[in-house]
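Peer 1: entry.cif (mmCIF, C-alpha atoms) pasted underneath:
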```
data_start
#
loop_
_atom_site.label_atom_id
_atom_site.label_comp_id
_atom_site.auth_asym_id
_atom_site.auth_seq_id
_atom_site.Cartn_x
_atom_site.Cartn_y
_atom_site.Cartn_z
CA MET A 1 -1.64 -32.79 1.26
CA THR A 2 -1.69 -29.06 2.09
CA SER A 3 -3.69 -26.60 0.03
CA LEU A 4 -2.39 -23.06 -0.29
CA CYS A 5 -4.30 -20.08 -1.65
CA LEU A 6 -2.23 -17.18 -3.01
CA ILE A 7 -4.19 -13.95 -3.28
CA ASN A 8 -2.50 -11.49 -5.64
CA GLY A 9 -3.48 -7.90 -4.83
CA SER A 10 -1.42 -6.18 -7.52
CA PRO A 11 -3.34 -3.78 -9.78
CA ARG A 12 -0.85 -4.87 -12.45
CA LYS A 13 -2.00 -8.50 -12.10
CA GLY A 14 0.29 -10.80 -14.11
CA GLN A 15 2.58 -7.93 -15.13
CA GLY A 16 3.53 -7.01 -11.57
CA THR A 17 6.35 -8.08 -9.27
CA SER A 18 3.86 -9.88 -7.01
CA SER A 19 3.07 -12.32 -9.81
CA TYR A 20 6.78 -12.96 -10.40
CA LEU A 21 7.39 -13.56 -6.68
CA ILE A 22 4.43 -15.96 -6.53
CA SER A 23 5.85 -17.96 -9.45
CA GLU A 24 9.27 -18.16 -7.79
CA LEU A 25 7.81 -19.15 -4.42
CA THR A 26 5.47 -21.83 -5.73
CA LYS A 27 8.35 -23.51 -7.61
CA LEU A 28 9.95 -24.28 -4.25
CA PHE A 29 7.11 -26.33 -2.76
CA ASN A 30 7.16 -30.11 -2.70
CA THR A 31 4.40 -32.09 -4.40
CA ASN A 32 2.38 -32.28 -1.18
CA VAL A 33 1.52 -28.60 -1.41
CA LYS A 34 -1.24 -27.77 -3.86
CA THR A 35 -1.23 -24.06 -4.78
CA LYS A 36 -3.54 -21.75 -6.71
CA GLU A 37 -3.13 -18.03 -7.46
CA TYR A 38 -6.13 -15.69 -7.58
CA TYR A 39 -6.32 -12.04 -8.62
CA ILE A 40 -8.47 -9.96 -6.27
CA SER A 41 -10.33 -8.51 -9.27
CA ASN A 42 -11.78 -11.99 -9.90
CA PHE A 43 -13.29 -12.06 -6.40
CA MET A 44 -14.67 -8.56 -6.76
CA LYS A 45 -16.35 -9.49 -10.06
CA ASP A 46 -17.76 -12.75 -8.71
CA LYS A 47 -18.28 -12.77 -4.94
CA THR A 48 -19.34 -16.45 -4.97
CA LEU A 49 -15.66 -17.21 -5.65
CA LEU A 50 -14.91 -16.16 -2.04
CA GLU A 51 -16.30 -19.56 -0.97
CA GLU A 52 -13.26 -21.16 -2.62
CA ILE A 53 -10.85 -19.33 -0.31
CA ILE A 54 -12.21 -20.94 2.82
CA SER A 55 -11.64 -24.41 1.38
CA TYR A 56 -7.85 -23.90 1.66
CA ASP A 57 -5.66 -24.82 4.62
CA LYS A 58 -3.45 -21.76 4.27
CA ILE A 59 -3.49 -18.33 2.64
CA ILE A 60 -0.78 -15.93 1.56
CA PHE A 61 -1.89 -12.38 0.83
CA VAL A 62 0.55 -11.03 -1.74
CA SER A 63 0.70 -7.36 -2.61
CA PRO A 64 2.88 -4.50 -3.72
CA LEU A 65 3.47 -1.67 -1.27
CA TYR A 66 1.74 1.57 -2.31
CA ALA A 67 2.60 4.55 -0.09
CA ASP A 68 3.53 2.53 3.02
CA CYS A 69 0.45 0.31 2.83
CA PHE A 70 -1.72 -1.50 0.29
CA PRO A 71 -3.27 -0.37 -3.01
CA SER A 72 -6.86 0.81 -2.51
CA THR A 73 -8.20 -2.15 -4.47
CA MET A 74 -6.50 -4.54 -2.03
CA LEU A 75 -8.02 -2.68 0.94
CA GLU A 76 -11.45 -2.89 -0.70
CA PHE A 77 -11.02 -6.62 -1.21
CA MET A 78 -9.88 -7.07 2.40
CA ALA A 79 -13.01 -5.33 3.71
CA THR A 80 -15.23 -7.41 1.39
CA PHE A 81 -13.59 -10.63 2.52
CA GLU A 82 -13.90 -9.63 6.19
CA ASP A 83 -17.66 -9.09 5.72
CA PHE A 84 -17.87 -12.50 4.07
CA ILE A 85 -15.97 -14.22 6.89
CA LYS A 86 -18.11 -12.58 9.59
CA GLU A 87 -21.07 -14.54 8.23
CA LYS A 88 -19.24 -17.83 8.67
CA ASP A 89 -18.64 -19.85 11.81
CA ASN A 90 -15.25 -20.37 13.29
CA ILE A 91 -13.01 -20.64 10.26
CA LYS A 92 -9.34 -20.97 11.14
CA ILE A 93 -6.88 -20.67 8.30
CA ASP A 94 -3.13 -20.19 8.63
CA MET A 95 -2.32 -16.78 7.22
CA TYR A 96 0.86 -15.24 5.82
CA CYS A 97 1.60 -12.17 3.76
CA LEU A 98 4.23 -11.31 1.17
CA VAL A 99 4.67 -7.61 0.45
CA ASN A 100 7.18 -6.05 -1.93
CA CYS A 101 8.24 -2.45 -2.38
CA GLY A 102 10.23 -0.58 -5.01
CA PHE A 103 12.67 0.88 -2.49
CA ILE A 104 15.64 -1.37 -1.79
CA GLU A 105 14.93 -1.77 1.92
CA GLY A 106 12.69 -4.69 2.77
CA THR A 107 12.15 -2.98 6.14
CA GLN A 108 9.92 -0.41 4.42
CA ASN A 109 7.18 -3.07 4.24
CA LYS A 110 6.92 -3.22 8.04
CA ILE A 111 3.78 -1.07 8.41
CA ALA A 112 1.92 -2.97 5.70
CA ILE A 113 2.72 -6.29 7.40
CA ASN A 114 1.41 -4.89 10.68
CA ILE A 115 -1.80 -3.89 8.88
CA MET A 116 -2.11 -7.46 7.61
CA LYS A 117 -1.51 -8.83 11.11
CA ASN A 118 -4.24 -6.54 12.50
CA TYR A 119 -6.49 -7.74 9.67
CA CYS A 120 -5.76 -11.37 10.54
CA ARG A 121 -6.97 -10.72 14.09
CA ARG A 122 -10.20 -9.25 12.70
CA LEU A 123 -10.69 -12.35 10.56
CA ASN A 124 -9.87 -14.52 13.57
CA PHE A 125 -7.46 -16.45 11.38
CA ASN A 126 -4.20 -17.93 12.60
CA TRP A 127 -1.37 -15.42 11.95
CA ARG A 128 1.90 -17.04 10.99
CA PHE A 129 4.26 -14.32 9.72
CA GLY A 130 4.87 -11.76 7.01
CA VAL A 131 7.68 -11.45 4.49
CA GLY A 132 8.64 -8.00 3.20
CA ILE A 133 10.88 -7.80 0.14
CA GLY A 134 12.68 -4.65 -1.01
CA GLY A 135 13.81 -3.80 -4.54
CA GLY A 136 10.74 -5.40 -6.11
CA GLU A 137 11.21 -3.91 -9.57
CA PHE A 138 14.82 -5.06 -9.53
CA MET A 139 13.76 -8.61 -8.61
CA LYS A 140 11.31 -8.79 -11.49
CA GLY A 141 13.66 -7.03 -13.92
CA SER A 142 16.46 -9.54 -13.29
CA LYS A 143 14.48 -12.75 -13.82
CA ASP A 144 17.47 -14.39 -15.50
CA MET A 145 19.44 -14.19 -12.27
CA PRO A 146 18.34 -17.23 -10.22
CA LEU A 147 16.72 -16.64 -6.86
CA ASN A 148 19.41 -18.69 -5.14
CA SER A 149 22.22 -16.58 -6.62
CA ARG A 150 24.51 -14.83 -4.13
CA MET A 151 22.88 -11.45 -4.65
CA LYS A 152 19.29 -12.65 -4.21
CA LYS A 153 20.05 -15.18 -1.47
CA PRO A 154 18.36 -13.23 1.37
CA VAL A 155 15.08 -13.32 -0.57
CA TYR A 156 15.59 -16.99 -1.40
CA ASN A 157 16.12 -17.73 2.29
CA ALA A 158 12.92 -15.87 3.21
CA PHE A 159 11.05 -18.00 0.66
CA LEU A 160 12.59 -21.14 2.15
CA ALA A 161 11.28 -20.05 5.56
CA LEU A 162 7.78 -19.75 4.04
CA LYS A 163 8.16 -23.13 2.33
CA GLN A 164 9.26 -24.88 5.52
CA ASP A 165 6.57 -23.31 7.66
CA ILE A 166 3.87 -24.28 5.16
CA GLU A 167 5.14 -27.79 4.40
CA ASN A 168 5.68 -28.64 8.07
CA ASN A 169 2.36 -27.19 9.25
CA SER A 170 4.45 -25.45 11.83
CA ASP A 171 2.93 -23.72 14.84
CA ASN A 172 6.20 -22.32 16.23
CA GLN A 173 6.29 -18.58 16.59
CA VAL A 174 8.14 -16.99 13.66
CA ASN A 175 9.06 -13.31 13.38
CA ASN A 176 8.38 -11.30 10.24
CA ILE A 177 11.19 -11.40 7.67
CA LEU A 178 12.12 -8.05 6.12
CA THR A 179 14.83 -8.47 3.55
CA ASN A 180 16.18 -7.61 0.11
CA ALA A 181 18.78 -8.48 -2.49
CA LYS A 182 22.36 -7.60 -1.55
CA ILE A 183 22.96 -4.40 -3.51
CA PRO A 184 24.80 -1.37 -2.13
CA LYS A 185 22.33 1.46 -1.61
CA PHE A 186 24.19 3.98 -3.74
CA ILE A 187 24.29 1.57 -6.68
CA PHE A 188 20.57 0.83 -6.33
CA LYS A 189 19.82 4.54 -6.21
CA PHE A 190 21.91 5.23 -9.31
CA ALA A 191 20.43 2.29 -11.25
CA GLY A 192 16.90 3.22 -10.16
CA ASN A 193 17.29 6.82 -11.24
CA SER A 194 18.75 5.68 -14.59
CA GLY A 195 15.74 3.39 -14.99
CA TRP A 196 13.32 6.32 -14.68
CA LYS A 197 15.31 8.25 -17.28
CA SER A 198 15.20 5.39 -19.75
CA MET A 199 11.43 4.99 -19.21
CA ALA A 200 11.08 8.71 -20.00
CA LYS A 201 13.14 8.27 -23.16
CA LYS A 202 10.75 5.57 -24.36
CA ASN A 203 7.98 8.16 -23.98
CA ASN A 204 10.01 10.70 -26.01
CA LEU A 205 10.74 12.78 -22.92
CA LYS A 206 14.07 14.18 -21.80
CA THR A 207 15.28 13.85 -18.23
CA LYS A 208 14.62 17.54 -17.55
CA ASN A 209 10.96 17.02 -18.55
CA LEU A 210 10.53 14.64 -15.60
CA TYR A 211 11.21 17.54 -13.20
CA LYS A 212 8.43 19.66 -14.70
CA GLN A 213 6.40 21.68 -12.20
CA ILE A 214 3.02 21.97 -13.90
CA TYR A 215 1.25 23.68 -10.99
CA MET B 216 -7.97 23.82 3.03
CA LEU B 217 -8.36 20.48 1.32
CA LEU B 218 -10.44 17.82 3.06
CA ILE B 219 -10.58 14.21 1.94
CA HIS B 220 -13.04 12.17 3.95
CA ASP B 221 -15.12 9.01 4.02
CA LEU B 222 -17.81 10.30 6.40
CA ASN B 223 -21.50 9.57 5.99
CA VAL B 224 -23.79 12.43 4.97
CA ASN B 225 -24.91 13.27 8.52
CA ASP B 226 -21.37 13.49 9.88
CA SER B 227 -20.05 15.42 6.90
CA ASN B 228 -22.88 17.95 7.34
CA GLU B 229 -21.59 18.55 10.86
CA ILE B 230 -17.95 18.86 9.84
CA ILE B 231 -17.94 20.78 6.58
CA PRO B 232 -19.37 24.07 7.96
CA LEU B 233 -16.28 24.24 10.22
CA LEU B 234 -13.96 24.64 7.25
CA PRO B 235 -13.03 28.04 5.84
CA PRO B 236 -14.97 29.17 2.76
CA ASN B 237 -13.44 28.05 -0.56
CA SER B 238 -12.13 24.85 0.97
CA LYS B 239 -12.00 21.92 -1.43
CA ILE B 240 -13.80 18.82 -0.23
CA LEU B 241 -13.43 15.40 -1.78
CA SER B 242 -15.54 12.46 -0.71
CA LYS B 243 -16.88 9.20 -2.11
CA GLU B 244 -19.92 11.03 -3.46
CA ILE B 245 -17.71 13.02 -5.83
CA ASP B 246 -17.41 11.23 -9.13
CA ASN B 247 -16.68 7.56 -9.34
CA ILE B 248 -12.98 7.54 -8.51
CA LYS B 249 -10.99 5.18 -10.68
CA GLY B 250 -8.24 3.08 -9.12
CA CYS B 251 -4.53 3.91 -9.38
CA LEU B 252 -3.06 1.54 -11.95
CA GLY B 253 0.47 1.60 -10.56
CA CYS B 254 1.58 2.57 -14.08
CA PHE B 255 3.99 5.38 -13.03
CA ASN B 256 2.86 7.45 -16.03
CA CYS B 257 2.41 10.42 -13.66
CA TRP B 258 6.20 10.28 -13.39
CA VAL B 259 7.42 9.15 -16.80
CA LYS B 260 4.77 10.03 -19.40
CA THR B 261 2.81 13.11 -18.22
CA PRO B 262 5.13 14.27 -15.39
CA GLY B 263 3.16 15.60 -12.43
CA LYS B 264 -0.27 14.61 -13.70
CA CYS B 265 -2.24 11.35 -13.49
CA ILE B 266 -3.27 9.87 -16.84
CA ILE B 267 -6.68 8.76 -15.53
CA GLU B 268 -9.33 11.34 -16.40
CA ASP B 269 -11.77 11.95 -13.55
CA SER B 270 -12.20 14.44 -10.69
CA TYR B 271 -8.93 13.22 -9.15
CA THR B 272 -6.61 13.78 -12.14
CA GLU B 273 -5.09 16.91 -10.59
CA MET B 274 -4.68 15.82 -6.98
CA PRO B 275 -1.17 17.36 -6.63
CA LYS B 276 -2.66 20.75 -7.57
CA TYR B 277 -5.33 20.50 -4.87
CA ILE B 278 -2.75 19.56 -2.24
CA LEU B 279 -0.35 22.35 -3.24
CA GLU B 280 -3.07 24.99 -3.20
CA SER B 281 -4.58 23.78 0.08
CA GLY B 282 -2.25 25.23 2.70
CA THR B 283 -3.71 22.58 5.02
CA PHE B 284 -4.35 19.08 3.73
CA ILE B 285 -6.78 17.23 6.01
CA ILE B 286 -7.81 13.60 5.87
CA ILE B 287 -10.65 12.14 7.93
CA THR B 288 -10.76 8.38 7.59
CA GLU B 289 -12.20 5.43 9.38
CA ILE B 290 -9.37 3.25 10.69
CA LYS B 291 -9.49 -0.19 9.11
CA TYR B 292 -6.86 -2.59 10.47
CA GLY B 293 -4.63 0.41 11.22
CA CYS B 294 -4.98 1.73 7.67
CA TYR B 295 -7.12 4.20 5.72
CA THR B 296 -10.34 3.07 4.07
CA SER B 297 -9.97 2.17 0.41
CA TYR B 298 -11.47 5.39 -0.99
CA VAL B 299 -9.10 7.60 1.02
CA LYS B 300 -6.14 5.40 0.09
CA ASN B 301 -7.07 5.64 -3.57
CA VAL B 302 -6.97 9.45 -3.37
CA ILE B 303 -3.47 9.24 -1.86
CA ASP B 304 -2.30 6.83 -4.57
CA ARG B 305 -3.67 9.20 -7.21
CA SER B 306 -1.56 12.01 -5.67
CA ILE B 307 1.98 10.71 -6.11
CA GLY B 308 2.62 13.03 -9.07
CA ILE B 309 3.41 15.55 -6.31
CA LEU B 310 6.71 13.66 -6.04
CA LEU B 311 9.54 13.00 -8.47
CA PRO B 312 10.35 9.43 -9.42
CA PHE B 313 13.99 10.00 -8.44
CA PHE B 314 15.34 8.67 -5.17
CA GLN B 315 16.95 10.47 -2.27
CA ILE B 316 18.33 8.97 0.93
CA VAL B 317 16.57 10.15 4.10
CA ASN B 318 17.56 8.72 7.49
CA GLY B 319 19.52 6.04 5.64
CA GLU B 320 16.49 4.91 3.61
CA LEU B 321 15.48 5.50 0.00
CA HIS B 322 12.51 7.80 -0.60
CA HIS B 323 11.31 9.90 -3.53
CA LEU B 324 12.38 13.50 -4.03
CA PRO B 325 9.71 16.20 -3.83
CA ARG B 326 8.66 17.84 -7.12
CA TYR B 327 7.65 21.08 -5.36
CA ASN B 328 8.58 22.90 -2.20
CA ASN B 329 5.97 21.46 0.18
CA ASN B 330 7.36 22.99 3.36
CA SER B 331 4.41 25.27 3.99
CA ILE B 332 1.75 22.54 3.67
CA LYS B 333 0.23 21.26 6.88
CA PHE B 334 -0.79 17.58 6.76
CA ARG B 335 -3.40 16.61 9.36
CA VAL B 336 -4.92 13.14 9.53
CA ILE B 337 -7.83 12.21 11.77
CA GLY B 338 -8.60 8.50 12.10
CA TYR B 339 -11.86 7.46 13.69
CA GLY B 340 -13.44 4.23 14.90
CA GLU B 341 -15.28 2.98 17.97
CA ASP B 342 -13.46 -0.32 18.33
CA VAL B 343 -9.94 0.48 17.14
CA THR B 344 -7.47 -1.78 18.97
CA ALA B 345 -4.24 -0.54 20.55
CA ASN B 346 -2.25 -2.28 17.79
CA GLU B 347 -4.38 -0.71 15.07
CA GLU B 348 -3.94 2.72 16.63
CA GLN B 349 -0.16 2.30 16.72
CA THR B 350 -0.07 1.01 13.13
CA PHE B 351 -2.17 3.99 12.00
CA LYS B 352 0.19 6.46 13.67
CA ASP B 353 3.18 4.70 12.09
CA LEU B 354 1.44 4.86 8.71
CA ILE B 355 0.80 8.60 8.88
CA LYS B 356 4.40 9.19 9.94
CA GLY B 357 5.56 7.06 7.00
CA ASN B 358 3.26 8.83 4.54
CA ALA B 359 4.39 12.24 5.77
CA LEU B 360 7.99 11.20 5.12
CA ASN B 361 7.25 9.62 1.74
CA LEU B 362 5.02 12.47 0.52
CA CYS B 363 7.58 15.03 1.77
CA LEU B 364 4.97 16.67 4.04
CA SER B 365 7.13 17.26 7.09
CA ASP B 366 4.55 19.35 9.01
CA TYR B 367 2.16 16.57 10.01
CA GLU B 368 -0.04 15.49 12.91
CA SER B 369 -2.15 12.39 13.37
CA TYR B 370 -5.15 12.00 15.67
CA VAL B 371 -7.13 8.93 16.67
CA ILE B 372 -10.68 9.55 17.87
CA LYS B 373 -13.60 7.36 18.89
CA ASP B 374 -16.41 9.72 18.02
CA ILE B 375 -16.59 12.09 15.08
CA SER B 376 -17.67 14.92 17.39
CA GLU B 377 -14.04 15.01 18.58
CA ALA B 378 -13.01 15.93 15.04
CA LYS B 379 -14.81 19.24 15.45
CA THR B 380 -12.53 20.25 18.32
CA ILE B 381 -9.47 19.29 16.31
CA LEU B 382 -10.61 21.21 13.22
CA GLU B 383 -11.35 24.31 15.29
CA THR B 384 -7.73 24.42 16.44
CA LEU B 385 -6.26 24.20 12.92
#
```
Write the structure described by the file as structure tokens, please.

Peer 2:
Amino acid sequence: MTSLCLINGSPRKGQGTSSYLISELTKLFNTNVKTKEYYISNFMKDKTLLEEIISYDKIIFVSPLYADCFPSTMLEFMATFEDFIKEKDNIKIDMYCLVNCGFIEGTQNKIAINIMKNYCRRLNFNWRFGVGIGGGEFMKGSKDMPLNSRMKKPVYNAFLALKQDIENNSDNQVNNILTNAKIPKFIFKFAGNSGWKSMAKKNNLKTKNLYKQIY
Amino acid sequence: MLLIHDLNVNDSNEIIPLLPPNSKILSKEIDNIKGCLGCFNCWVKTPGKCIIEDSYTEMPKYILESGTFIIITEIKYGCYTSYVKNVIDRSIGILLPFFQIVNGELHHLPRYNNNSIKFRVIGYGEDVTANEEQTFKDLIKGNALNLCLSDYESYVIKDISEAKTILETL
């Protein structure tokens, strides 16, 4: 039996893409992997809950990308957890991260994954690898399209790599996986821009209002 | 100038007199900053302005009026500290939600003409590793691109006294 702790750093909690990705990933594990998802806000409210994290064999830090790195609340949690770990003796947990960004390119998560790898060294945990997914909003907004569909296959394959590494207790060196759904960039850009316009419409704003220069 | 910093009181007392008069200074002591919600309302509901009411509601205004936008942050794992990062997250109304392609990658379009703004980031820490230093420099480069602040410099220092020399040259 392998126990896996999923730490969700999204300020949008269950409404965010991170939560959707966690639900898709956890579906893939066999019955020998026991998983539990935590929101970082729960740890910040009740620090005694941090003790639970160190009872797991493996951890995945899951977060959206905010301006090339993590939301401030995630960084605050990371520092709190580091202080907690410093008080403990020699805890070795296998560590992964799963970061998603709104831009289509999974490669834009590279810096955030490096931050998480640096963090892992500070914790003295065992770094496995990071997965960076692009087009996060698209992934969540197209829930009806299965993860193993042709378009989403690269993300599915990245999740399979996580599954295999975790289930096999692997200690082989694995590179970070930076990937995204197969969508031509110009189509993604057009659809994304249309999405912003329709969100504005729901707020009774016209497209030209979105360009407003208030200062 | 606009300075966002996470310095302790002693260090900030050393640094702040070096700034021109009328500079705006934001630090942890100013108000209890509320966290960015990731709601995108600064793009699609109240374009250009954050919906959270506190001393950071009008961050884009402070950046635009600054001429020089300076950050002094401790380097944590190659990143900003959480307070400084929160101020950045609260500033994205300076951009438009719409995408443009830069160097083959998607990024947001600028809302304003930011060309005259200087973006200077000083990261400090006594035990910053080589990897953390590299990550930090990559992060500032990425932020400069994503915030459409093309005139940027990043500095990594061990002791805050080195920040004085940097500030004197700005």

Peer 1: Could you please select, counting only C-alpha atoms, the residues of chain A within 8 Å of chain B and state them as a PyMOL selection string?

Peer 2: chain A and resi 11-12+66-69+71-76+103-105+111+114-116+118-119+122+189+192-193+196-197+199-200+203+205+209-215

Peer 1: May I ask for the distance between CA of Phe77 in chain A and CA of Asn247 in chain B, given in Å to one decimal place?

Peer 2: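 According to the coordinates, CA of Phe77 in chain A and CA of Asn247 in chain B are separated by 17.3 Å.
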
Peer 1: To test your reading of the syntax: which residues would the PyMOL selection byres ((chain A and resi 81) around 12) return for the file shown? Reply as JSON, numbers by chain.

Peer 2: {"A": [7, 40, 43, 44, 47, 48, 49, 50, 51, 52, 53, 54, 61, 74, 75, 76, 77, 78, 79, 80, 82, 83, 84, 85, 86, 87, 88, 119, 120, 122, 123]}

Peer 1: Written as a count of residues only, which residues does the PyMOL selection byres ((chain A and resi 146-153) around 8) give for the file shown?

Peer 2: 12

Peer 1: Check what the PyMOL selection byres ((chain A and resi 96) around 12) selects in the file above and give those residues as a VMD selection string.

Peer 2: chain A and resid 4 to 7 57 to 63 93 to 95 97 to 99 113 to 114 116 to 117 119 to 120 125 to 132 159 161 to 163 165 to 166 174 to 177

Peer 1: What's the separation between CA of Glu368 in chain B and CA of Tyr271 in chain B, in Å to one decimal place?

Peer 2: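 Atom-to-atom, CA of Glu368 in chain B to CA of Tyr271 in chain B, that is 23.9 Å.
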
Peer 1: Between CA of Ile267 in chain B and CA of Arg305 in chain B, what is the distance, to one decimal in Å?

Peer 2: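 These two atoms are separated by 8.9 Å.
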
Peer 1: Compile the contact shell of Glu137 in chain A as a list in words: residues with an atom at most 9 Å away, counting all atoms listed in the file, same-chain residues fewer than 4 positions apart removed.

Peer 2: Gly16, Thr17, Asn100, Cys101, Gly102, Phe103, Gly141 and Ser142 of chain A

Peer 1: For Asn329 in chain B, which residue among B:Ser242, B:Ser281, B:Ser376, B:Asn228 is the nearest when counting all atoms listed in the file?

Peer 2: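 Checking each candidate against Asn329 in chain B, we get B:Ser281 as the closest.
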
Peer 1: Rank nothing, just name the residue among B:Leu364, B:Ile278, B:Cys265, B:Thr288 nearest to Ser227 in chain B, using all atoms listed in the file.

Peer 2: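 Nearest candidate to Ser227 in chain B out of B:Leu364, B:Ile278, B:Cys265, B:Thr288: B:Thr288.
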
Peer 1: With only C-alpha atoms as the atoms that count, which of B:Cys363, B:Leu217, B:Ile381, B:Val224 lies nearest to Ile240 in chain B?

Peer 2: B:Leu217

Peer 1: Using all atoms of range 176-192 of chain A that appear in the file, construct an axis-aligned enclosing box with 6 Å of padding on every side and provide its centre coordinates and edge lengths in Å, rounded to one decimal, as AutoDock Vina command-line options.

Peer 2:
```
--center_x 16.6 --center_y -3.1 --center_z -0.5 --size_x 28.4 --size_y 28.6 --size_z 33.5
```

Peer 1: Extract, using all atoms listed in the file, all DNA, RNA and protein residues at most 7 Å from Thr283 in chain B, discarding same-chain residues fewer than 4 positions from it, and format them as a list in words.

Peer 2: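 Once the adjacent positions are removed, what remains is Met216, Leu217, Ile332, Lys333 and Phe334 of chain B.
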